[in-house]
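Q: Sharing a structure, written as structure tokens. Questions coming.
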Amino acid sequence: GAGVSQSPRYKVAKRGQDVALRCDPISGHVSLFWYQQALGQGPEFLTYFQNEAQLDKSGLPSDRFFAERPEGSVSTLKIQRTQQEDSAVYLCASSLAQEAFFGQGTRLTVV
Amino acid sequence: GENVEQHPSTLSVQEGDSAVIKCTYSDSASNYFPWYKQELGKGPQLIIDIRSNVGEKKDQRIAVTLNKTAKHFSLHITETQPEDSAVYFCAANAPNFGNEKLTFGTGTRLTIIP
């Protein structure tokens, strides 16, 4: 595709519900990143994939957060038992070298 | 880990004037410094980047300067236009962690006054 695509654009979840956020990276991009952006803040790193391998998950805030990229293309970020503090925009970025290109993000609101 | 500080947090300039946003970083191993523009409801858009082997880079009305000794870098926008209004983020990479993850500044909300 032309750019990084994320779905859904908006998600409202009741506290305790599980959610799954999808990222379609730019075709051929080896590297894929997930970031979390709280309101009025800069994006914060969550996790990194090189092809299908998750090489860095140091930014995941708790074991309720899980990410996968089974075929080295589409990635899913799953959040179990959502809490209010999980409310944020979740951004996906892909890259071939150093330049990272971001999707529009998924705005998650936990009520 | 890397720490990136950005200022000012808000900046208003008259249309046609220049805008400057400054960032400092802490990790001397960082060697890649991108700038992103984020409009309301959109993801960050890469507008310019600089690597540590150069001190300055220009792209039309946008320029970035890097001072490795002082560990700071700046974004310069000349002849500002209303469409430049957005939030701008600086970032630095973390090469010691084995990937190109970025640490972002807290953002500068730039408003161009017509």
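Ordering of the structure tokens sets the chain letters (A, B, ...), residue numbers begin anew at 1 in every chain, and ligands are numbered from 1 in the order given.
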Please produce, as JSON lines, a per-residue contact table for range 41-65 of chain B versus range 79-86 of chain B (criterion: any atom at most 12 Å away, only C-alpha atoms considered), showing the nearest atom pair and its distance in Å to one decimal, sorted by chain then residue number.

A:
{"residue": "B:Gly41", "atom": "CA", "partner": "B:Ala86", "partner_atom": "CA", "distance": 10.9}
{"residue": "B:Lys42", "atom": "CA", "partner": "B:Ala86", "partner_atom": "CA", "distance": 10.5}
{"residue": "B:Gly43", "atom": "CA", "partner": "B:Ala86", "partner_atom": "CA", "distance": 11.6}
{"residue": "B:Pro44", "atom": "CA", "partner": "B:Ala86", "partner_atom": "CA", "distance": 10.3}
{"residue": "B:Gln45", "atom": "CA", "partner": "B:Ala86", "partner_atom": "CA", "distance": 10.8}
{"residue": "B:Ile47", "atom": "CA", "partner": "B:Asp84", "partner_atom": "CA", "distance": 11.2}
{"residue": "B:Gln60", "atom": "CA", "partner": "B:Glu79", "partner_atom": "CA", "distance": 10.2}
{"residue": "B:Arg61", "atom": "CA", "partner": "B:Glu79", "partner_atom": "CA", "distance": 6.9}
{"residue": "B:Ile62", "atom": "CA", "partner": "B:Glu79", "partner_atom": "CA", "distance": 9.4}
{"residue": "B:Ala63", "atom": "CA", "partner": "B:Glu79", "partner_atom": "CA", "distance": 12.0}

Q: Name the residues of chain B that fall into strand (DSSP E or B) according to DSSP on the backbone, using the chain letters and numbers of this document, as a PyMOL selection string.

A: chain B and resi 4-7+10-14+19-25+32-38+45-51+56-59+62-67+72-77+86-93+102-104+108-113

Q: Residues of chain A within 6 Å of chain B, using only C-alpha atoms, as a PyMOL selection string?

A: chain A and resi 41-42+102-105

Q: Please save all heavy atoms of the selected residues as a PDB file, in the first residue's frame.

A:
ATOM      1  N   GLN A  41       1.411  14.396  24.605  1.00  0.00           N
ATOM      2  CA  GLN A  41       2.772  13.892  24.784  1.00  0.00           C
ATOM      3  C   GLN A  41       3.338  13.378  23.466  1.00  0.00           C
ATOM      4  O   GLN A  41       2.614  13.193  22.485  1.00  0.00           O
ATOM      5  CB  GLN A  41       2.772  12.757  25.815  1.00  0.00           C
ATOM      6  CG  GLN A  41       2.259  13.167  27.189  1.00  0.00           C
ATOM      7  CD  GLN A  41       3.145  14.202  27.848  1.00  0.00           C
ATOM      8  OE1 GLN A  41       4.373  14.079  27.830  1.00  0.00           O
ATOM      9  NE2 GLN A  41       2.547  15.235  28.417  1.00  0.00           N
ATOM     10  N   GLY A  42       4.619  13.121  23.473  1.00  0.00           N
ATOM     11  CA  GLY A  42       5.248  12.495  22.324  1.00  0.00           C
ATOM     12  C   GLY A  42       5.028  10.990  22.363  1.00  0.00           C
ATOM     13  O   GLY A  42       4.722  10.418  23.413  1.00  0.00           O
ATOM     14  N   PHE A 102       4.883   6.520   9.968  1.00  0.00           N
ATOM     15  CA  PHE A 102       3.824   6.208  10.907  1.00  0.00           C
ATOM     16  C   PHE A 102       2.465   6.107  10.236  1.00  0.00           C
ATOM     17  O   PHE A 102       2.193   6.793   9.246  1.00  0.00           O
ATOM     18  CB  PHE A 102       3.737   7.292  11.985  1.00  0.00           C
ATOM     19  CG  PHE A 102       4.799   7.190  13.031  1.00  0.00           C
ATOM     20  CD1 PHE A 102       6.072   7.692  12.816  1.00  0.00           C
ATOM     21  CD2 PHE A 102       4.522   6.584  14.252  1.00  0.00           C
ATOM     22  CE1 PHE A 102       7.052   7.589  13.785  1.00  0.00           C
ATOM     23  CE2 PHE A 102       5.492   6.486  15.235  1.00  0.00           C
ATOM     24  CZ  PHE A 102       6.759   6.984  15.000  1.00  0.00           C
ATOM     25  N   GLY A 103       1.613   5.268  10.813  1.00  0.00           N
ATOM     26  CA  GLY A 103       0.218   5.249  10.450  1.00  0.00           C
ATOM     27  C   GLY A 103      -0.529   6.347  11.187  1.00  0.00           C
ATOM     28  O   GLY A 103       0.063   7.122  11.944  1.00  0.00           O
ATOM     29  N   GLN A 104      -1.840   6.400  10.956  1.00  0.00           N
ATOM     30  CA  GLN A 104      -2.653   7.449  11.569  1.00  0.00           C
ATOM     31  C   GLN A 104      -3.001   7.138  13.018  1.00  0.00           C
ATOM     32  O   GLN A 104      -3.449   8.020  13.740  1.00  0.00           O
ATOM     33  CB  GLN A 104      -3.931   7.661  10.763  1.00  0.00           C
ATOM     34  CG  GLN A 104      -3.679   8.290   9.405  1.00  0.00           C
ATOM     35  CD  GLN A 104      -4.954   8.819   8.773  1.00  0.00           C
ATOM     36  OE1 GLN A 104      -5.933   8.103   8.654  1.00  0.00           O
ATOM     37  NE2 GLN A 104      -4.937  10.078   8.381  1.00  0.00           N
ATOM     38  N   GLY A 105      -2.770   5.902  13.421  1.00  0.00           N
ATOM     39  CA  GLY A 105      -3.002   5.554  14.812  1.00  0.00           C
ATOM     40  C   GLY A 105      -4.409   5.047  15.089  1.00  0.00           C
ATOM     41  O   GLY A 105      -5.341   5.248  14.300  1.00  0.00           O
TER      42      GLY A 105
END

Q: Let me make sure I understand: among A:Ile79, A:Val74, A:Leu96, A:Ala88, which one has the smallest atom-to-atom distance to Pro25 in chain A if we use only C-alpha atoms?

A: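 Between A:Ile79, A:Val74, A:Leu96, A:Ala88, the residue approaching Pro25 in chain A most closely is A:Val74.
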
Q: Can you measure CA of Ser52 in chain B to CA of Ser94 in chain A for me? One decimal in Å is fine.

A: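 Separation between CA of Ser52 in chain B and CA of Ser94 in chain A: 21.9 Å.
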
Q: Please extract the residues of chain B with a backbone DSSP assignment of helix (DSSP H, G or I) and present them as a ChimeraX atom specification.

A: /B:82-84,95-97

Q: Could you save the residues just selected, with N, CA and C atoms, as a short mmCIF file (atom, residue, chain, number, x, y, z; two decimals), in the first residue's frame?

A:
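Saved to out_20.cif:
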data_model
loop_
_atom_site.label_atom_id
_atom_site.label_comp_id
_atom_site.auth_asym_id
_atom_site.auth_seq_id
_atom_site.Cartn_x
_atom_site.Cartn_y
_atom_site.Cartn_z
N PRO B 82 0.50 29.42 6.91
CA PRO B 82 -0.53 28.88 7.81
C PRO B 82 -0.53 27.35 7.89
N GLU B 83 -0.21 26.70 6.78
CA GLU B 83 -0.21 25.23 6.78
C GLU B 83 0.94 24.62 7.59
N ASP B 84 1.85 25.47 8.07
CA ASP B 84 2.91 24.98 8.95
C ASP B 84 2.40 24.79 10.38
N PRO B 95 20.87 3.46 19.15
CA PRO B 95 21.58 2.39 18.45
C PRO B 95 22.13 1.29 19.35
N ASN B 96 22.35 1.58 20.62
CA ASN B 96 22.88 0.56 21.52
C ASN B 96 21.86 -0.50 21.87
N PHE B 97 20.60 -0.30 21.49
CA PHE B 97 19.57 -1.26 21.84
C PHE B 97 19.28 -2.23 20.69
#

Q: If we count only C-alpha atoms, what is near Ile26 in chain A at a cut-off of 7 Å, once residues fewer than 4 positions away on the same chain are taken out, given as a ChimeraX atom specification?

A: /A:1-4,94

Q: Quick one: everything within 12 Å of Asp17 in chain B, counting only C-alpha atoms, minus sequence neighbours fewer than 2 positions away in the same chain. Send it as a PyMOL selection string.

A: chain B and resi 11-15+19-20+61+76-82+84+111-114

Q: Using the selection just defined, write its residues with N, CA, C and O atoms as a PDB file, in the first residue's frame.

A:
ATOM      1  N   LEU B  11       4.661  27.860  20.425  1.00  0.00           N
ATOM      2  CA  LEU B  11       5.352  28.903  19.682  1.00  0.00           C
ATOM      3  C   LEU B  11       4.374  29.520  18.693  1.00  0.00           C
ATOM      4  O   LEU B  11       3.753  28.795  17.907  1.00  0.00           O
ATOM      5  N   SER B  12       4.235  30.826  18.758  1.00  0.00           N
ATOM      6  CA  SER B  12       3.379  31.541  17.805  1.00  0.00           C
ATOM      7  C   SER B  12       4.245  32.520  17.034  1.00  0.00           C
ATOM      8  O   SER B  12       5.002  33.285  17.642  1.00  0.00           O
ATOM      9  N   VAL B  13       4.149  32.472  15.721  1.00  0.00           N
ATOM     10  CA  VAL B  13       4.922  33.398  14.888  1.00  0.00           C
ATOM     11  C   VAL B  13       4.022  33.972  13.808  1.00  0.00           C
ATOM     12  O   VAL B  13       3.048  33.340  13.378  1.00  0.00           O
ATOM     13  N   GLN B  14       4.371  35.171  13.397  1.00  0.00           N
ATOM     14  CA  GLN B  14       3.629  35.831  12.330  1.00  0.00           C
ATOM     15  C   GLN B  14       3.947  35.142  11.007  1.00  0.00           C
ATOM     16  O   GLN B  14       5.097  34.723  10.759  1.00  0.00           O
ATOM     17  N   GLU B  15       2.945  35.004  10.171  1.00  0.00           N
ATOM     18  CA  GLU B  15       3.148  34.418   8.846  1.00  0.00           C
ATOM     19  C   GLU B  15       4.292  35.139   8.123  1.00  0.00           C
ATOM     20  O   GLU B  15       4.363  36.374   8.120  1.00  0.00           O
ATOM     21  N   ALA B  19      10.607  30.256  12.401  1.00  0.00           N
ATOM     22  CA  ALA B  19      10.348  29.543  13.660  1.00  0.00           C
ATOM     23  C   ALA B  19      11.527  28.623  13.938  1.00  0.00           C
ATOM     24  O   ALA B  19      12.051  27.986  13.011  1.00  0.00           O
ATOM     25  N   VAL B  20      11.929  28.562  15.204  1.00  0.00           N
ATOM     26  CA  VAL B  20      13.044  27.695  15.601  1.00  0.00           C
ATOM     27  C   VAL B  20      12.608  26.861  16.800  1.00  0.00           C
ATOM     28  O   VAL B  20      12.079  27.388  17.776  1.00  0.00           O
ATOM     29  N   ARG B  61      12.142  25.167   2.687  1.00  0.00           N
ATOM     30  CA  ARG B  61      12.035  26.129   3.797  1.00  0.00           C
ATOM     31  C   ARG B  61      12.423  25.540   5.151  1.00  0.00           C
ATOM     32  O   ARG B  61      12.386  26.226   6.172  1.00  0.00           O
ATOM     33  N   HIS B  76      14.583  24.606  11.905  1.00  0.00           N
ATOM     34  CA  HIS B  76      14.363  25.978  11.480  1.00  0.00           C
ATOM     35  C   HIS B  76      13.374  25.963  10.321  1.00  0.00           C
ATOM     36  O   HIS B  76      13.603  25.272   9.317  1.00  0.00           O
ATOM     37  N   ILE B  77      12.297  26.722  10.459  1.00  0.00           N
ATOM     38  CA  ILE B  77      11.334  26.872   9.372  1.00  0.00           C
ATOM     39  C   ILE B  77      11.327  28.344   8.963  1.00  0.00           C
ATOM     40  O   ILE B  77      11.068  29.220   9.804  1.00  0.00           O
ATOM     41  N   THR B  78      11.637  28.615   7.721  1.00  0.00           N
ATOM     42  CA  THR B  78      11.645  30.005   7.243  1.00  0.00           C
ATOM     43  C   THR B  78      10.377  30.279   6.442  1.00  0.00           C
ATOM     44  O   THR B  78       9.683  29.354   5.993  1.00  0.00           O
ATOM     45  N   GLU B  79      10.068  31.559   6.294  1.00  0.00           N
ATOM     46  CA  GLU B  79       8.899  32.000   5.503  1.00  0.00           C
ATOM     47  C   GLU B  79       7.660  31.188   5.860  1.00  0.00           C
ATOM     48  O   GLU B  79       7.020  30.586   4.998  1.00  0.00           O
ATOM     49  N   THR B  80       7.336  31.171   7.128  1.00  0.00           N
ATOM     50  CA  THR B  80       6.257  30.316   7.614  1.00  0.00           C
ATOM     51  C   THR B  80       4.921  30.635   6.938  1.00  0.00           C
ATOM     52  O   THR B  80       4.627  31.793   6.589  1.00  0.00           O
ATOM     53  N   GLN B  81       4.131  29.574   6.786  1.00  0.00           N
ATOM     54  CA  GLN B  81       2.827  29.671   6.148  1.00  0.00           C
ATOM     55  C   GLN B  81       1.779  29.063   7.073  1.00  0.00           C
ATOM     56  O   GLN B  81       2.113  28.253   7.938  1.00  0.00           O
ATOM     57  N   PRO B  82       0.504  29.419   6.915  1.00  0.00           N
ATOM     58  CA  PRO B  82      -0.531  28.882   7.814  1.00  0.00           C
ATOM     59  C   PRO B  82      -0.535  27.355   7.887  1.00  0.00           C
ATOM     60  O   PRO B  82      -0.785  26.794   8.957  1.00  0.00           O
ATOM     61  N   ASP B  84       1.855  25.466   8.070  1.00  0.00           N
ATOM     62  CA  ASP B  84       2.914  24.980   8.954  1.00  0.00           C
ATOM     63  C   ASP B  84       2.403  24.787  10.382  1.00  0.00           C
ATOM     64  O   ASP B  84       3.095  24.183  11.211  1.00  0.00           O
ATOM     65  N   THR B 111       1.952  27.722  16.043  1.00  0.00           N
ATOM     66  CA  THR B 111       0.796  28.416  15.469  1.00  0.00           C
ATOM     67  C   THR B 111       1.301  29.551  14.598  1.00  0.00           C
ATOM     68  O   THR B 111       2.085  30.391  15.075  1.00  0.00           O
ATOM     69  N   ILE B 112       0.863  29.564  13.355  1.00  0.00           N
ATOM     70  CA  ILE B 112       1.236  30.635  12.432  1.00  0.00           C
ATOM     71  C   ILE B 112       0.073  31.622  12.385  1.00  0.00           C
ATOM     72  O   ILE B 112      -1.061  31.240  12.045  1.00  0.00           O
ATOM     73  N   ILE B 113       0.368  32.855  12.715  1.00  0.00           N
ATOM     74  CA  ILE B 113      -0.658  33.893  12.770  1.00  0.00           C
ATOM     75  C   ILE B 113      -0.740  34.592  11.416  1.00  0.00           C
ATOM     76  O   ILE B 113       0.249  35.176  10.968  1.00  0.00           O
ATOM     77  N   PRO B 114      -1.903  34.513  10.745  1.00  0.00           N
ATOM     78  CA  PRO B 114      -2.003  35.101   9.390  1.00  0.00           C
ATOM     79  C   PRO B 114      -1.862  36.628   9.438  1.00  0.00           C
ATOM     80  O   PRO B 114      -2.146  37.282  10.434  1.00  0.00           O
TER      81      PRO B 114
END

Q: State, in Å with one decimal place, the distance from CA of Ala38 in chain A to CA of Thr109 in chain A.

A: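 Between CA of Ala38 in chain A and CA of Thr109 in chain A the gap works out to 11.0 Å.
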
Q: Report as an mmCIF file with N, CA and C atoms, in the first residue's frame all protein, DNA and RNA residues lying within 12 Å of range 55-72 of chain A, evaluated on only C-alpha atoms, omitting residues in the same chain fewer than 5 positions from it.

A:
data_model
loop_
_atom_site.group_PDB
_atom_site.id
_atom_site.type_symbol
_atom_site.label_atom_id
_atom_site.label_comp_id
_atom_site.auth_asym_id
_atom_site.auth_seq_id
_atom_site.Cartn_x
_atom_site.Cartn_y
_atom_site.Cartn_z
ATOM 1 N N GLY A 16 -11.828 -3.735 31.426
ATOM 2 C CA GLY A 16 -11.807 -5.179 31.570
ATOM 3 C C GLY A 16 -11.933 -5.939 30.259
ATOM 4 N N GLN A 17 -12.321 -5.223 29.206
ATOM 5 C CA GLN A 17 -12.487 -5.841 27.894
ATOM 6 C C GLN A 17 -11.122 -6.026 27.219
ATOM 7 N N ASP A 18 -11.020 -7.028 26.354
ATOM 8 C CA ASP A 18 -9.813 -7.218 25.553
ATOM 9 C C ASP A 18 -9.987 -6.488 24.217
ATOM 10 N N VAL A 19 -8.870 -5.926 23.695
ATOM 11 C CA VAL A 19 -8.928 -5.256 22.398
ATOM 12 C C VAL A 19 -7.770 -5.733 21.532
ATOM 13 N N ALA A 20 -7.959 -5.628 20.219
ATOM 14 C CA ALA A 20 -6.913 -5.978 19.255
ATOM 15 C C ALA A 20 -6.814 -4.867 18.234
ATOM 16 N N LEU A 21 -5.611 -4.365 18.055
ATOM 17 C CA LEU A 21 -5.358 -3.266 17.129
ATOM 18 C C LEU A 21 -4.472 -3.789 16.009
ATOM 19 N N ARG A 22 -4.834 -3.412 14.772
ATOM 20 C CA ARG A 22 -4.151 -3.971 13.608
ATOM 21 C C ARG A 22 -3.281 -2.931 12.914
ATOM 22 N N CYS A 23 -2.149 -3.402 12.397
ATOM 23 C CA CYS A 23 -1.250 -2.539 11.634
ATOM 24 C C CYS A 23 -0.838 -3.236 10.344
ATOM 25 N N ASP A 24 -1.053 -2.556 9.210
ATOM 26 C CA ASP A 24 -0.558 -3.025 7.915
ATOM 27 C C ASP A 24 0.611 -2.126 7.510
ATOM 28 N N PRO A 25 1.830 -2.630 7.571
ATOM 29 C CA PRO A 25 2.985 -1.771 7.267
ATOM 30 C C PRO A 25 3.136 -1.548 5.775
ATOM 31 N N ILE A 26 4.060 -0.675 5.421
ATOM 32 C CA ILE A 26 4.395 -0.470 4.019
ATOM 33 C C ILE A 26 5.008 -1.773 3.484
ATOM 34 N N SER A 27 4.570 -2.174 2.318
ATOM 35 C CA SER A 27 5.021 -3.432 1.749
ATOM 36 C C SER A 27 6.547 -3.477 1.636
ATOM 37 N N GLY A 28 7.121 -4.564 2.124
ATOM 38 C CA GLY A 28 8.570 -4.727 2.029
ATOM 39 C C GLY A 28 9.350 -4.185 3.208
ATOM 40 N N HIS A 29 8.683 -3.458 4.093
ATOM 41 C CA HIS A 29 9.394 -2.924 5.265
ATOM 42 C C HIS A 29 9.633 -4.026 6.277
ATOM 43 N N VAL A 30 10.901 -4.189 6.620
ATOM 44 C CA VAL A 30 11.317 -5.264 7.510
ATOM 45 C C VAL A 30 10.991 -4.933 8.964
ATOM 46 N N SER A 31 11.203 -3.669 9.318
ATOM 47 C CA SER A 31 11.057 -3.260 10.719
ATOM 48 C C SER A 31 9.667 -2.708 10.979
ATOM 49 N N LEU A 32 9.128 -3.066 12.139
ATOM 50 C CA LEU A 32 7.812 -2.565 12.546
ATOM 51 C C LEU A 32 7.872 -2.224 14.018
ATOM 52 N N PHE A 33 7.328 -1.039 14.347
ATOM 53 C CA PHE A 33 7.343 -0.533 15.721
ATOM 54 C C PHE A 33 5.927 -0.208 16.163
ATOM 55 N N TRP A 34 5.667 -0.385 17.434
ATOM 56 C CA TRP A 34 4.451 0.129 18.060
ATOM 57 C C TRP A 34 4.863 1.185 19.087
ATOM 58 N N TYR A 35 4.112 2.287 19.073
ATOM 59 C CA TYR A 35 4.309 3.358 20.038
ATOM 60 C C TYR A 35 2.964 3.696 20.678
ATOM 61 N N GLN A 36 3.026 4.237 21.879
ATOM 62 C CA GLN A 36 1.843 4.710 22.590
ATOM 63 C C GLN A 36 1.969 6.218 22.769
ATOM 64 N N PRO A 43 5.155 10.323 21.222
ATOM 65 C CA PRO A 43 5.026 8.861 21.204
ATOM 66 C C PRO A 43 6.081 8.199 22.085
ATOM 67 N N GLU A 44 5.692 7.106 22.725
ATOM 68 C CA GLU A 44 6.625 6.329 23.539
ATOM 69 C C GLU A 44 6.695 4.902 23.011
ATOM 70 N N PHE A 45 7.910 4.416 22.880
ATOM 71 C CA PHE A 45 8.173 3.095 22.305
ATOM 72 C C PHE A 45 7.540 1.979 23.131
ATOM 73 N N LEU A 46 6.904 1.039 22.425
ATOM 74 C CA LEU A 46 6.358 -0.151 23.081
ATOM 75 C C LEU A 46 7.162 -1.401 22.707
ATOM 76 N N THR A 47 7.240 -1.676 21.381
ATOM 77 C CA THR A 47 7.858 -2.920 20.959
ATOM 78 C C THR A 47 8.323 -2.827 19.507
ATOM 79 N N TYR A 48 9.244 -3.741 19.152
ATOM 80 C CA TYR A 48 9.871 -3.716 17.830
ATOM 81 C C TYR A 48 9.936 -5.123 17.241
ATOM 82 N N PHE A 49 9.620 -5.217 15.954
ATOM 83 C CA PHE A 49 9.736 -6.466 15.197
ATOM 84 C C PHE A 49 10.705 -6.287 14.033
ATOM 85 N N GLN A 50 11.498 -7.304 13.812
ATOM 86 C CA GLN A 50 12.258 -7.404 12.572
ATOM 87 C C GLN A 50 11.718 -8.637 11.865
ATOM 88 N N LEU A 77 -1.534 -5.627 17.922
ATOM 89 C CA LEU A 77 -1.252 -5.310 19.317
ATOM 90 C C LEU A 77 -2.504 -5.644 20.110
ATOM 91 N N LYS A 78 -2.349 -6.507 21.078
ATOM 92 C CA LYS A 78 -3.495 -6.916 21.880
ATOM 93 C C LYS A 78 -3.327 -6.418 23.306
ATOM 94 N N ILE A 79 -4.392 -5.901 23.852
ATOM 95 C CA ILE A 79 -4.392 -5.463 25.242
ATOM 96 C C ILE A 79 -5.500 -6.222 25.957
ATOM 97 N N GLN A 80 -5.108 -6.939 26.978
ATOM 98 C CA GLN A 80 -6.079 -7.732 27.742
ATOM 99 C C GLN A 80 -6.534 -6.945 28.971
ATOM 100 N N ARG A 81 -7.779 -7.169 29.344
ATOM 101 C CA ARG A 81 -8.330 -6.571 30.582
ATOM 102 C C ARG A 81 -7.998 -5.088 30.638
ATOM 103 N N THR A 82 -8.464 -4.356 29.644
ATOM 104 C CA THR A 82 -8.108 -2.941 29.527
ATOM 105 C C THR A 82 -8.431 -2.155 30.791
ATOM 106 N N GLN A 83 -7.572 -1.188 31.076
ATOM 107 C CA GLN A 83 -7.718 -0.283 32.207
ATOM 108 C C GLN A 83 -7.816 1.150 31.660
ATOM 109 N N GLU A 85 -6.057 3.672 32.294
ATOM 110 C CA GLU A 85 -4.760 4.240 31.957
ATOM 111 C C GLU A 85 -4.245 3.773 30.596
ATOM 112 N N ASP A 86 -4.918 2.797 29.997
ATOM 113 C CA ASP A 86 -4.538 2.349 28.654
ATOM 114 C C ASP A 86 -5.066 3.290 27.576
ATOM 115 N N TYR A 90 -2.527 4.627 19.796
ATOM 116 C CA TYR A 90 -1.512 3.608 19.537
ATOM 117 C C TYR A 90 -1.080 3.739 18.076
ATOM 118 N N CYS A 92 1.554 2.792 14.915
ATOM 119 C CA CYS A 92 2.413 1.790 14.305
ATOM 120 C C CYS A 92 3.310 2.499 13.298
ATOM 121 N N SER A 94 6.590 1.678 10.318
ATOM 122 C CA SER A 94 7.423 0.685 9.649
ATOM 123 C C SER A 94 8.605 1.378 8.988
ATOM 124 N N GLY B 1 18.713 5.119 29.676
ATOM 125 C CA GLY B 1 18.271 5.236 28.302
ATOM 126 C C GLY B 1 18.335 6.663 27.810
ATOM 127 N N PHE B 97 20.603 -0.304 21.494
ATOM 128 C CA PHE B 97 19.569 -1.262 21.840
ATOM 129 C C PHE B 97 19.280 -2.231 20.694
ATOM 130 N N GLY B 98 20.082 -2.142 19.636
ATOM 131 C CA GLY B 98 19.958 -3.127 18.564
ATOM 132 C C GLY B 98 18.853 -2.859 17.577
ATOM 133 N N ASN B 99 18.189 -1.736 17.704
ATOM 134 C CA ASN B 99 17.183 -1.391 16.709
ATOM 135 C C ASN B 99 17.044 0.121 16.658
ATOM 136 N N GLU B 100 16.245 0.601 15.721
ATOM 137 C CA GLU B 100 16.142 2.035 15.502
ATOM 138 C C GLU B 100 14.947 2.647 16.223
ATOM 139 N N LYS B 101 14.648 2.136 17.410
ATOM 140 C CA LYS B 101 13.542 2.757 18.130
ATOM 141 C C LYS B 101 13.907 4.195 18.458
ATOM 142 N N LEU B 102 12.899 5.035 18.533
ATOM 143 C CA LEU B 102 13.086 6.460 18.721
ATOM 144 C C LEU B 102 12.581 6.905 20.089
ATOM 145 N N THR B 103 13.310 7.846 20.667
ATOM 146 C CA THR B 103 12.840 8.557 21.847
ATOM 147 C C THR B 103 12.437 9.944 21.396
#

Q: Of the candidates B:Val54, B:Ala92, B:Leu40, B:Leu110, which shows the shortest atom-to-atom distance to Leu66 in chain B, using only C-alpha atoms?

A: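 Of all the options, B:Val54 lies closest to Leu66 in chain B.
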
Q: What gap, in Å, lies between CA of Glu56 in chain B and CA of Ser18 in chain B?

A: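 One can read the CA of Glu56 in chain B to CA of Ser18 in chain B distance as 16.9 Å.
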
Q: Pick out the closest residue to Pro8 in chain B from this set: B:Val64, B:Ala94, B:Ile21, B:Leu75. Count only C-alpha atoms.

A: B:Ile21

Q: I'd like the contact shell of Val110 in chain A - 6 Å cut-off, only C-alpha atoms, skipping same-chain residues fewer than 2 positions apart - returned as a ChimeraX atom specification.

A: /A:12-15,84,87

Q: List as a list in words the protein and nucleic acid residues near Glu5 in chain B, meaning an atom at most 8 Å away when only C-alpha atoms are counted, but skip any in the same chain fewer than 2 places from it.

A: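 Answer for this query is Asn3, His7, Cys23, Thr24, Tyr25, Gly105 and Thr106 of chain B.
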
Q: So that I have them on file, write out the residues from the current selection with N, CA, C and O atoms, as an mmCIF file, in the first residue's frame.

A:
data_model
loop_
_atom_site.group_PDB
_atom_site.id
_atom_site.type_symbol
_atom_site.label_atom_id
_atom_site.label_comp_id
_atom_site.auth_asym_id
_atom_site.auth_seq_id
_atom_site.Cartn_x
_atom_site.Cartn_y
_atom_site.Cartn_z
ATOM 1 N N ASN B 3 17.235 10.361 26.738
ATOM 2 C CA ASN B 3 16.299 11.378 27.195
ATOM 3 C C ASN B 3 16.360 12.552 26.217
ATOM 4 O O ASN B 3 17.452 13.060 25.932
ATOM 5 N N HIS B 7 12.038 22.290 23.437
ATOM 6 C CA HIS B 7 11.434 23.561 23.815
ATOM 7 C C HIS B 7 11.479 24.531 22.642
ATOM 8 O O HIS B 7 12.330 24.395 21.751
ATOM 9 N N CYS B 23 16.093 21.026 20.563
ATOM 10 C CA CYS B 23 16.058 19.777 21.324
ATOM 11 C C CYS B 23 17.451 19.431 21.816
ATOM 12 O O CYS B 23 18.448 19.742 21.147
ATOM 13 N N THR B 24 17.510 18.793 22.979
ATOM 14 C CA THR B 24 18.757 18.237 23.477
ATOM 15 C C THR B 24 18.555 16.744 23.719
ATOM 16 O O THR B 24 17.429 16.284 23.955
ATOM 17 N N TYR B 25 19.642 15.993 23.623
ATOM 18 C CA TYR B 25 19.572 14.555 23.877
ATOM 19 C C TYR B 25 20.678 14.165 24.826
ATOM 20 O O TYR B 25 21.646 14.903 25.019
ATOM 21 N N GLY B 105 10.786 13.923 21.852
ATOM 22 C CA GLY B 105 10.568 15.046 22.735
ATOM 23 C C GLY B 105 9.087 15.188 23.025
ATOM 24 O O GLY B 105 8.256 14.438 22.502
ATOM 25 N N THR B 106 8.751 16.175 23.853
ATOM 26 C CA THR B 106 7.363 16.347 24.283
ATOM 27 C C THR B 106 6.532 17.181 23.321
ATOM 28 O O THR B 106 5.344 17.362 23.548
#
